[in-house]
Structures are given as structure tokens and as C-alpha cells.
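Peer 1: My questions all concern the structure below.
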Amino acid sequence: MLNVTLFTYNAFDENTYLVSNEHNQCWVIDPGMSNPAENKHFTDYLSEKQLKPQAIINTHAHIDHILGVQYLMDKYNIPFGMHEAETPVLKMGTSSAAMFGMHFPKTPQPTFYIKEGEPLKLGEDTLTVFHTPGHSPGSISYYYPGGNWVVAGDVLFSGSIGRTDLPGGNFDTLITAIRTKLFTLPSNTIVLSGHGEATTIAEEKMHNPFLK
Ligand SMILES: [Zn+2]
């Protein structure tokens with residue numbers, strides 16, 4: 001059984017998710033910690049719970065979702081995975097950071113690629129991967145049927161959708177991805193987004209103004 005814990009970091013109030021199992025193994029999705037205090041906040045939690053990180057798996061590579069990647073790779077000697085189509089977005093990390101006046105000395109390099117249709121295994125549990133582009137070309141969502149949740153990154157928010165005006169974004173692609181990949185999940189699925197509050201598929205089908 002996988003559990004998911006939310007942390008919110010950096011100037012963008014980015015949601016970092018920690019996914020763990022009963023063997024104290026864990027994955028970190030979108031580590032956004034951006035300074036020594038946030039680094040310590042996160043690693044103190046892992047130490048306290050005796051959690052052993054196995055990998056970083058990102059939904060996408062916008063700067064607010066990758067600020068803590070290199071720190072965790074170095075600290076725990078763990079691999080970093082993302083979708084291959086996200087490569088150009090990752091490469092813009094340093095210039096995006098400079099634009100926002102953020103400290104970001106080095107762009108982390110992925111050590112493996114994550115693909116739709118290739119399940120991710122943590123112990124006996126499996127996350128299903130959906131390619132959900134549109135906010136960025138390599139955006140992916142992680143679905144865990146056993147817990148009825150999907151980590152959707154910046155694809156779908158409570159009452160909103162991801163912005164599509166950044167390089168590689170496309171509005172029609174995003175709407176199609178949401179309709180074909182997320183809205184086909186059970187309606188009681190909890191949507192864990194990259195920013196803001198959790199929602200459900202049913203709630204967004206009924207009330208999301210972008211998806212009427
Ligand atoms: Zn984003």
C-alpha cells in the first residue's frame with residue numbers, strides 16, 4: 001500500500017509529494033525545496049520516519065518543480081527520472097531561475113526516462129504512468145488505483161488547468177490529455193496537483209470552467 005504526503009515549498013507554493021510504502025521505501029515527486037531551511041524540513045521528516053528514498057520521479061521539469069532535485073540526488077545518491085520529451089524544458093532551468101532571481105547553480109541530469117505504459121514499481125506496489133502533455137511536452141501523471149489518487153502535476157487544478165503559454169505548451173493538447181487520460185479514471189479519484197488544494201475527477205468534470 002502506498003501512502004502520499006504533501007509538502008509545499010518555494011516562492012511558487014509548489015507541491016512536493018512523498019510516496020512511501022510499509023517497508024519505509026519512498027519516492028519523491030517534484031522536489032521543490034529551494035533553500036537550506038526547506039532542505040532540512042524535508043530531510044528531517046525522512047529521518048524521523050526512517051524513510052529511504054529510492055528515486056525522484058518528476059511530473060515535469062518547470063523550475064519550481066526541480067529546485068530540490070540535485071540536492072536530493074547528492075544527499076541520498078538516488079536516480080532522477082522524467083519523461084524524455086521534457087528535455088528542452090529541463091534545459092531552460094538555469095535561465096528560468098535567473099529570471100526569477102532564484103539560486104540554481106546546476107541543472108540536474110535525468111538518470112532514467114519514464115514512459116507511459118511502463119509501470120513504476122516500489123516494492124509490491126505499482127504506479128501507472130500517463131503521458132499528459134499540453135502544460136509542457138513531457139508532463140506525466142502518476143495514478144495509484146489502490147489509493148484512488150493521481151498525482152497530476154500542473155495538468156489539472158481544482159477549478160483550473162495548467163497554463164499553456166510557456167514554451168512547448170499547447171491548449172488543445174492539454175484539454176485532450178485531460179479528457180482522454182484523466183477524465184477516464186474513476187470519478188472518485190483524488191487529484192493531487194502541483195499547486196493548491198486536492199480535488200476529484202468528479203468535481204472537475206462538473207465544475208471546471210475549462211472543461212465544460
Ligand atoms: Zn509547471
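Residues in the C-alpha cells are numbered from 1 in each chain, the chains being A, B, ... in the order shown, and ligands are numbered from 1 in the order shown.
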What's around range 44-59 of chain A at 9 Å? Count only C-alpha atoms, leave out sequence neighbours fewer than 3 positions away in its own chain, and write the answer as number ranges by chain.

Peer 2: A: 20, 23-31, 39-41, 65-66, 69, 72-73, 76-83, 114, 122, 138-142, 151-154, 194

Peer 1: Using DSSP on the backbone coordinates, identify the residues of range 5-46 of chain A assigned to helix (DSSP H, G or I); present them as JSON, numbers by chain.

Peer 2: {"A": [36, 37, 38, 39, 40, 41, 42, 43, 44, 45, 46]}

Peer 1: Hey, which of A:Leu166, A:Val150, A:Val155, A:Ala85 ends up closest to Val4 in chain A? Count only C-alpha atoms.

Peer 2: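 Checking each of A:Leu166, A:Val150, A:Val155, A:Ala85 against Val4 in chain A, counting only C-alpha atoms, the winner is A:Val150.
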
Peer 1: Pick out the residues sitting within 9 Å of range 197-205 of chain A, and hand them over as an NGL selection string; count only C-alpha atoms, and ignore anything fewer than 3 positions along from it in its own chain.

Peer 2: :A and (149 or 156-160 or 182-193 or 208-209 or 211-212)

Peer 1: Those same residues, written as a compact mmCIF listing (two decimals), in the first residue's frame with C-alpha atoms?

Peer 2:
```
# COMPACT_ATOMS: atom_id res chain seq x y z
CA TRP A 149 -5.33 9.06 -6.34
CA LEU A 156 -5.24 19.82 -13.81
CA PHE A 157 -6.02 22.00 -10.78
CA SER A 158 -9.06 22.49 -8.60
CA GLY A 159 -11.19 24.72 -10.85
CA SER A 160 -8.42 25.33 -13.36
CA LEU A 182 -7.60 11.77 -16.52
CA PHE A 183 -11.36 12.04 -17.09
CA THR A 184 -11.46 8.32 -17.93
CA LEU A 185 -10.31 7.47 -14.37
CA PRO A 186 -12.97 6.55 -11.76
CA SER A 187 -14.88 9.69 -10.80
CA ASN A 188 -13.95 9.41 -7.11
CA THR A 189 -10.21 9.56 -7.94
CA ILE A 190 -8.45 12.23 -5.88
CA VAL A 191 -6.41 14.63 -8.00
CA LEU A 192 -3.19 15.79 -6.33
CA SER A 193 -2.00 18.85 -8.22
CA ASN A 208 -14.10 23.09 -14.06
CA PRO A 209 -14.83 26.07 -16.38
CA LEU A 211 -13.70 21.55 -19.35
CA LYS A 212 -17.40 22.22 -19.71
```

Peer 1: Residues within 7 Å of ligand 1 (only C-alpha atoms and all ligand atoms), as an NGL selection string?

Peer 2: :A and (60 or 62 or 135 or 154)

Peer 1: Limited to N, CA and C atoms, could you put the picked residues into a file as a compact mmCIF listing (two decimals), in the first residue's frame?

Peer 2:
```txt
# COMPACT_ATOMS: atom_id res chain seq x y z
N HIS A 60 7.04 16.92 -14.34
CA HIS A 60 7.60 17.74 -15.41
C HIS A 60 8.77 18.53 -14.84
N HIS A 62 9.48 22.11 -14.99
CA HIS A 62 9.50 23.55 -14.75
C HIS A 62 10.31 23.85 -13.48
N HIS A 135 0.62 21.29 -20.87
CA HIS A 135 1.24 22.30 -20.00
C HIS A 135 2.73 22.36 -20.33
N ASP A 154 1.09 19.89 -13.01
CA ASP A 154 0.40 21.14 -13.36
C ASP A 154 -0.58 20.95 -14.52
```

Peer 1: Going by DSSP on the backbone, which residues of range 5-198 of chain A come out as strand (DSSP E or B)? List them as number ranges by chain.

Peer 2: A: 5-9, 14-20, 25-29, 52-57, 80-82, 112-113, 120-122, 125-131, 140-144, 149-153, 156-157, 160-161, 190-193, 195

Peer 1: For Thr8 in chain A, which residue out of A:Phe112, A:Lys121, A:Asn170, A:Gly196 is the nearest one, using only C-alpha atoms?

Peer 2: A:Gly196

Peer 1: Which residue, A:Ala37, A:Glu86, A:Lys91, A:Ile178, has the smallest gap to Phe130 in chain A when you use only C-alpha atoms?

Peer 2: A:Ile178

Peer 1: Using only C-alpha atoms, find the one residue out of A:Asn3, A:Thr43, A:Ser95, A:Thr111 that sits nearest to Tyr144 in chain A.

Peer 2: A:Asn3

Peer 1: Quote the spacing between CA of Thr126 in chain A and CA of Gly162 in chain A in Å to one decimal place.

Peer 2: 25.9 Å

Peer 1: Expressed in Å to a single decimal, how great is the separation between CA of Met206 in chain A and CA of Arg179 in chain A?

Peer 2: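 Between these atoms lies a distance of 12.8 Å.
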
Peer 1: Could you tell me which of A:Glu38, A:Arg163, A:Phe100, A:Ser136 comes closest to Pro88 in chain A if we count only C-alpha atoms?

Peer 2: A:Ser136

Peer 1: If we count only C-alpha atoms and set the cut-off at 8 Å, which residues sit around Asp64 in chain A, ignoring sequence neighbours fewer than 4 positions away in its own chain? Please answer as a ChimeraX atom specification.

Peer 2: /A:10,12,14,32

Peer 1: So the first atom is CA of Gln109 in chain A and the second is CA of Thr5 in chain A; what is the distance between them in Å, to one decimal place?

Peer 2: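 Distance between the two atoms: 25.2 Å.
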
Peer 1: Which of these residues is nearest to Gly68 in chain A, using only C-alpha atoms: A:Gly101, A:Pro108, A:Gly117, A:Gly168?

Peer 2: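 Using only C-alpha atoms, Gly68 in chain A sits closest to A:Pro108.
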